[in-house]
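To start, the structure itself, in structure tokens.
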Amino acid sequence: MDKKARNILFKTYWDSSGWLSEHKTDPEDFVYARSQGVMFDPVNVAHDDCLQTILAIAKRMPPTKASHAFLSSLSTKRLDWRSGVASYHLARQMSPHQYTPVISGQSFSPDGALCSTSHTCIVCRDVVPGLTIGAERYVNADLNVLNFERIKWGGVRHGQLLYTWFDLQALDGADIPRPTDEDIVILERILSTIESSQPTDHAGALEKRLATAVKSSKNERRTIINILANLDVLRPASFDRPVHGKSDWSAAAAAWRGEDRYDRDAVRLHFGEWLRC
């Protein structure tokens with residue numbers, strides 16, 4: 001990845017204090033970052049077109065490419081490679097359909113009057129309830145913030161139709177190297193850390209323990225956990241469990257406990273080419 005273009009993207013959204021309140025890019029810098037495929041013009045795309053592209057890519061892309069990308073990210077810290085395996089797995093669960101609206105939320109004024117109603121696609125919503133979301137159309141959508149989150153943390157908005165569309169196209173065009181022995185060792189350490197969890201451990205506890213398994217920041221480890229939950233590697237035995245504090249975990253990650261360990265069938269499905277499990 002071109003370092004200058006990456007820095008331009010990062011300076012648009014982030015500084016040493018965190019998220020910037022205003023997102024501005026020097027026009028000349030933007031042209032350069034766009035030329036390197038790191039920043040993009042706003043896009044206008046409809047649900048049905050998004051889905052058509054997603055299904056086409058998922059059909060032609062071999063599953064090993066997505067798994068290769070995740071594994072190869074572990075030692076190289078190419079977090080943009082890490083993201084696509086979750087988007088690919090979700091895409092493989094989708095089926096052709098047209099946008100079918102259902103109410104997803106409403107807001108009310110202090111006197112109880114209805115102010116606004118939001119909608120999502122009921123078919124997208126039910127692919128993985130609580131995770132997958134599909135709007136009817138995306139107008140002047142900002143792909144740059146999606147790419148920033150993808151490069152910095154490995155993706156944040158897995159399950160949102162626009163992100164799946166963007167993430168899969170990026171993965172489809174990427175030249176992914178084969179995983180190294182170091183990548184395999186790191187994955188084995190991650191799984192060993194999960195396997196040694198205490199029965200009452202939750203995702204937050206696992207995040208802290210993973211610090212010794214993979215070189216990463218807290219937010220990177222949180223993304224790894226959410227990705228593994230999206231892949232059913234972290235599969236909760238029950239979703240009827242209390243959520244610890246204010247949680248932005250996916251529903252599966254929030255419901256996981258140490259007693260669940262990891263799902264060996266899911267590991268074999270995604271990573272069986274490299275692991276004995």
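Ligands are numbered from 1 in the order shown, chains are lettered A, B, ... in the order of the structure tokens, and residues start at 1 in each chain.
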Contact residues around Asn219 (chain A) with only C-alpha atoms at 10 Å, ignoring same-chain residues under 5 positions, as a PyMOL selection string: chain A and resi 152-154+156+207+224-225
With a distance cut-off of 8 Å and only C-alpha atoms, select the neighbouring residues of Ala69 (chain A), excluding the residue or stretch itself and same-chain residues fewer than 3 positions from it, and output the selection as a JSON list (two decimals) with C-alpha atoms, in the first residue's frame.
```json
[["chain", "number", "residue", "atom", "x", "y", "z"],
["A", 65, "LYS", "CA", -8.60, -16.39, -0.92],
["A", 66, "ALA", "CA", -10.59, -14.94, 1.97],
["A", 72, "SER", "CA", -1.62, -13.36, 5.97],
["A", 73, "SER", "CA", -2.72, -10.28, 7.91],
["A", 81, "TRP", "CA", -6.62, -8.04, 4.29],
["A", 82, "ARG", "CA", -8.11, -9.22, 7.61],
["A", 84, "GLY", "CA", -12.70, -9.64, 3.90],
["A", 85, "VAL", "CA", -13.11, -13.12, 5.34],
["A", 176, "ILE", "CA", -2.84, -11.86, -1.37],
["A", 177, "PRO", "CA", 0.30, -13.86, -0.55],
["A", 179, "PRO", "CA", 0.19, -17.48, 4.67]]
```
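Rounded to one decimal, CA of Pro236 (chain A) and CA of Ala253 (chain A) lie 7.6 Å from each other.
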Nearest candidate to Arg268 (chain A) (options A:Gln160, A:Ser67, A:Thr100, A:Gln169; using only C-alpha atoms): A:Ser67
All helix (DSSP H, G or I) positions in region 161-265 of chain A, as an MDAnalysis selection string: chainID A and resid 161:173 181:195 203:212 218:230 251:255 258:260 264:265
Test item, strand (DSSP E or B) assignment across region 108-250 of chain A, answer as number ranges by chain: A: 108, 114-121, 133, 137-141, 160
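The shortest atom-to-atom distance to Ala255 (chain A), with only C-alpha atoms taken into account, belongs to A:Ala203 out of A:Ala211, A:Ala203, A:Met94, A:Ile194.
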Within 8 Å of Pro42 (chain A), counting only C-alpha atoms, which residues show up once you throw out same-chain ones fewer than 4 positions away? Write them as a list in words, please. Asn140, Ala141, Asp142 and Leu143 of chain A
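Among A:Val214, A:Met39, A:Leu71, A:Ala58, the residue with the shortest atom-to-atom distance to Leu9 (chain A), counting only C-alpha atoms, is A:Met39.
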Long-range neighbours of His270 (chain A) as a compact mmCIF listing (two decimals) with N, CA, C and O atoms, in the first residue's frame, 12 Å cut-off, only C-alpha atoms, 5 positions minimum in chain:
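After the write, around.txt holds the following:
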```txt
# COMPACT_ATOMS: atom_id res chain seq x y z
N PRO A 62 -12.72 -18.05 -4.81
CA PRO A 62 -12.50 -19.27 -4.03
C PRO A 62 -12.44 -18.96 -2.54
O PRO A 62 -11.86 -17.94 -2.15
N PRO A 63 -13.02 -19.79 -1.69
CA PRO A 63 -13.01 -19.52 -0.25
C PRO A 63 -11.60 -19.35 0.31
O PRO A 63 -11.40 -18.62 1.28
N THR A 64 -10.63 -20.04 -0.31
CA THR A 64 -9.27 -19.97 0.21
C THR A 64 -8.69 -18.56 0.12
O THR A 64 -7.84 -18.20 0.93
N LYS A 65 -9.16 -17.75 -0.82
CA LYS A 65 -8.60 -16.39 -0.92
C LYS A 65 -8.94 -15.58 0.32
O LYS A 65 -8.10 -14.87 0.86
N ALA A 66 -10.19 -15.67 0.77
CA ALA A 66 -10.59 -14.94 1.97
C ALA A 66 -9.84 -15.44 3.19
O ALA A 66 -9.39 -14.64 4.02
N SER A 67 -9.69 -16.75 3.31
CA SER A 67 -8.96 -17.32 4.45
C SER A 67 -7.48 -16.97 4.38
O SER A 67 -6.85 -16.65 5.40
N HIS A 68 -6.90 -17.03 3.17
CA HIS A 68 -5.50 -16.62 2.98
C HIS A 68 -5.31 -15.19 3.48
O HIS A 68 -4.32 -14.89 4.16
N ALA A 69 -6.25 -14.32 3.10
CA ALA A 69 -6.11 -12.91 3.43
C ALA A 69 -6.12 -12.71 4.93
O ALA A 69 -5.30 -11.95 5.48
N PHE A 70 -7.04 -13.36 5.64
CA PHE A 70 -7.08 -13.23 7.09
C PHE A 70 -5.78 -13.71 7.72
O PHE A 70 -5.17 -13.03 8.55
N LEU A 71 -5.35 -14.89 7.33
CA LEU A 71 -4.13 -15.44 7.91
C LEU A 71 -2.91 -14.58 7.60
O LEU A 71 -2.09 -14.30 8.48
N VAL A 85 -12.62 -11.77 5.08
CA VAL A 85 -13.11 -13.12 5.34
C VAL A 85 -14.51 -13.08 5.97
O VAL A 85 -15.36 -13.93 5.67
N ALA A 86 -14.77 -12.09 6.82
CA ALA A 86 -16.10 -11.97 7.42
C ALA A 86 -17.13 -11.54 6.38
O ALA A 86 -18.25 -12.07 6.34
N TYR A 88 -16.96 -12.06 3.16
CA TYR A 88 -17.15 -13.20 2.25
C TYR A 88 -18.09 -14.23 2.87
O TYR A 88 -19.00 -14.75 2.21
N HIS A 89 -17.88 -14.53 4.15
CA HIS A 89 -18.73 -15.52 4.82
C HIS A 89 -20.18 -15.05 4.86
O HIS A 89 -21.11 -15.85 4.63
N LEU A 187 -2.21 -17.91 14.52
CA LEU A 187 -3.58 -18.41 14.59
C LEU A 187 -3.69 -19.51 15.65
O LEU A 187 -4.67 -19.55 16.41
N ILE A 227 -14.74 -10.69 14.13
CA ILE A 227 -14.61 -11.47 12.89
C ILE A 227 -14.78 -12.96 13.18
O ILE A 227 -15.52 -13.67 12.48
N LEU A 228 -14.10 -13.46 14.21
CA LEU A 228 -14.22 -14.88 14.55
C LEU A 228 -15.65 -15.23 14.95
O LEU A 228 -16.13 -16.33 14.67
N ASN A 230 -18.31 -13.65 13.70
CA ASN A 230 -19.03 -13.65 12.42
C ASN A 230 -18.82 -14.94 11.65
O ASN A 230 -19.69 -15.39 10.90
N LEU A 231 -17.64 -15.55 11.83
CA LEU A 231 -17.32 -16.80 11.14
C LEU A 231 -17.85 -18.03 11.87
O LEU A 231 -17.63 -19.15 11.41
N ASP A 232 -18.50 -17.84 13.01
CA ASP A 232 -19.01 -18.92 13.87
C ASP A 232 -17.90 -19.69 14.55
O ASP A 232 -18.15 -20.75 15.15
N VAL A 233 -16.66 -19.19 14.49
CA VAL A 233 -15.58 -19.81 15.27
C VAL A 233 -15.85 -19.58 16.75
O VAL A 233 -15.69 -20.50 17.57
N ASP A 263 -15.52 -23.26 17.99
CA ASP A 263 -16.21 -24.28 17.21
C ASP A 263 -15.24 -24.91 16.22
O ASP A 263 -14.78 -24.27 15.28
N ARG A 264 -14.93 -26.18 16.43
CA ARG A 264 -13.93 -26.84 15.60
C ARG A 264 -14.40 -27.04 14.16
O ARG A 264 -13.59 -27.02 13.22
N ASP A 265 -15.69 -27.23 13.97
CA ASP A 265 -16.19 -27.36 12.60
C ASP A 265 -15.98 -26.07 11.82
O ASP A 265 -15.60 -26.10 10.64
N LEU A 275 -4.48 -26.13 9.47
CA LEU A 275 -4.49 -26.56 10.86
C LEU A 275 -5.00 -27.98 11.00
O LEU A 275 -5.84 -28.43 10.23
N CYS A 277 -7.30 -29.88 13.44
CA CYS A 277 -8.24 -29.55 14.52
C CYS A 277 -9.41 -30.54 14.52
O CYS A 277 -9.58 -31.29 13.60
```
Can you tell me, as a ChimeraX atom specification, what residues are no more than 10 Å from His23 (chain A) when counting only C-alpha atoms, ignoring any on the same chain fewer than 4 positions away? /A:9,11-14,19,145
Could you write those residues out with all heavy atoms, as a short mmCIF file (atom, residue, chain, number, x, y, z; two decimals), in the first residue's frame?
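Once written, out-v9.cif looks like this:
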```
data_model
loop_
_atom_site.label_atom_id
_atom_site.label_comp_id
_atom_site.auth_asym_id
_atom_site.auth_seq_id
_atom_site.Cartn_x
_atom_site.Cartn_y
_atom_site.Cartn_z
N LEU A 9 -5.20 9.50 3.83
CA LEU A 9 -6.48 8.96 4.31
C LEU A 9 -6.57 9.08 5.83
O LEU A 9 -7.59 9.55 6.37
CB LEU A 9 -6.62 7.50 3.89
CG LEU A 9 -7.84 6.75 4.45
CD1 LEU A 9 -9.13 7.35 3.91
CD2 LEU A 9 -7.74 5.27 4.13
N LYS A 11 -4.99 11.05 7.94
CA LYS A 11 -5.04 12.43 8.43
C LYS A 11 -6.41 13.06 8.22
O LYS A 11 -6.74 14.07 8.86
CB LYS A 11 -3.97 13.28 7.75
CG LYS A 11 -2.55 12.99 8.22
CD LYS A 11 -1.57 14.02 7.72
CE LYS A 11 -1.45 14.04 6.22
NZ LYS A 11 -0.42 15.00 5.76
N THR A 12 -7.20 12.48 7.33
CA THR A 12 -8.55 12.99 7.11
C THR A 12 -9.46 12.70 8.30
O THR A 12 -10.36 13.49 8.61
CB THR A 12 -9.14 12.37 5.83
OG1 THR A 12 -8.32 12.71 4.72
CG2 THR A 12 -10.56 12.86 5.57
N TYR A 13 -9.23 11.59 8.98
CA TYR A 13 -10.15 11.13 10.02
C TYR A 13 -9.56 11.05 11.42
O TYR A 13 -10.32 10.98 12.40
CB TYR A 13 -10.70 9.75 9.65
CG TYR A 13 -11.52 9.77 8.38
CD1 TYR A 13 -10.96 9.36 7.17
CD2 TYR A 13 -12.83 10.22 8.38
CE1 TYR A 13 -11.70 9.40 6.00
CE2 TYR A 13 -13.58 10.26 7.21
CZ TYR A 13 -13.01 9.85 6.03
OH TYR A 13 -13.74 9.92 4.87
N TRP A 14 -8.25 11.05 11.54
CA TRP A 14 -7.65 10.64 12.82
C TRP A 14 -6.41 11.47 13.14
O TRP A 14 -5.66 11.85 12.24
CB TRP A 14 -7.25 9.16 12.71
CG TRP A 14 -6.93 8.46 13.99
CD1 TRP A 14 -5.69 8.25 14.50
CD2 TRP A 14 -7.84 7.85 14.89
NE1 TRP A 14 -5.78 7.54 15.68
CE2 TRP A 14 -7.10 7.28 15.94
CE3 TRP A 14 -9.24 7.72 14.92
CZ2 TRP A 14 -7.68 6.59 17.01
CZ3 TRP A 14 -9.82 7.04 15.98
CH2 TRP A 14 -9.05 6.48 17.00
N TRP A 19 -10.58 10.42 16.80
CA TRP A 19 -11.39 10.88 15.67
C TRP A 19 -11.38 12.39 15.57
O TRP A 19 -11.50 13.10 16.58
CB TRP A 19 -12.84 10.41 15.81
CG TRP A 19 -13.07 8.97 15.51
CD1 TRP A 19 -13.22 7.96 16.41
CD2 TRP A 19 -13.19 8.37 14.21
NE1 TRP A 19 -13.43 6.77 15.76
CE2 TRP A 19 -13.42 6.99 14.41
CE3 TRP A 19 -13.14 8.86 12.91
CZ2 TRP A 19 -13.59 6.10 13.36
CZ3 TRP A 19 -13.31 7.97 11.86
CH2 TRP A 19 -13.53 6.61 12.08
N VAL A 145 -14.24 6.68 4.77
CA VAL A 145 -14.27 6.33 6.18
C VAL A 145 -14.32 4.80 6.35
O VAL A 145 -13.72 4.24 7.28
CB VAL A 145 -15.45 7.02 6.92
CG1 VAL A 145 -16.79 6.46 6.46
CG2 VAL A 145 -15.28 6.89 8.42
#
```
Please compute the CA of Val45 (chain A)-CA of Leu168 (chain A) distance, one decimal, in Å. 15.2 Å
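The coordinates place CA of Ile8 (chain A) at 10.7 Å from CA of Asn144 (chain A).
Nearest to Glu259 (chain A) of all the residues A:Gly272, A:Phe108, A:Asp201, A:Ser216 is A:Asp201, based on only C-alpha atoms.
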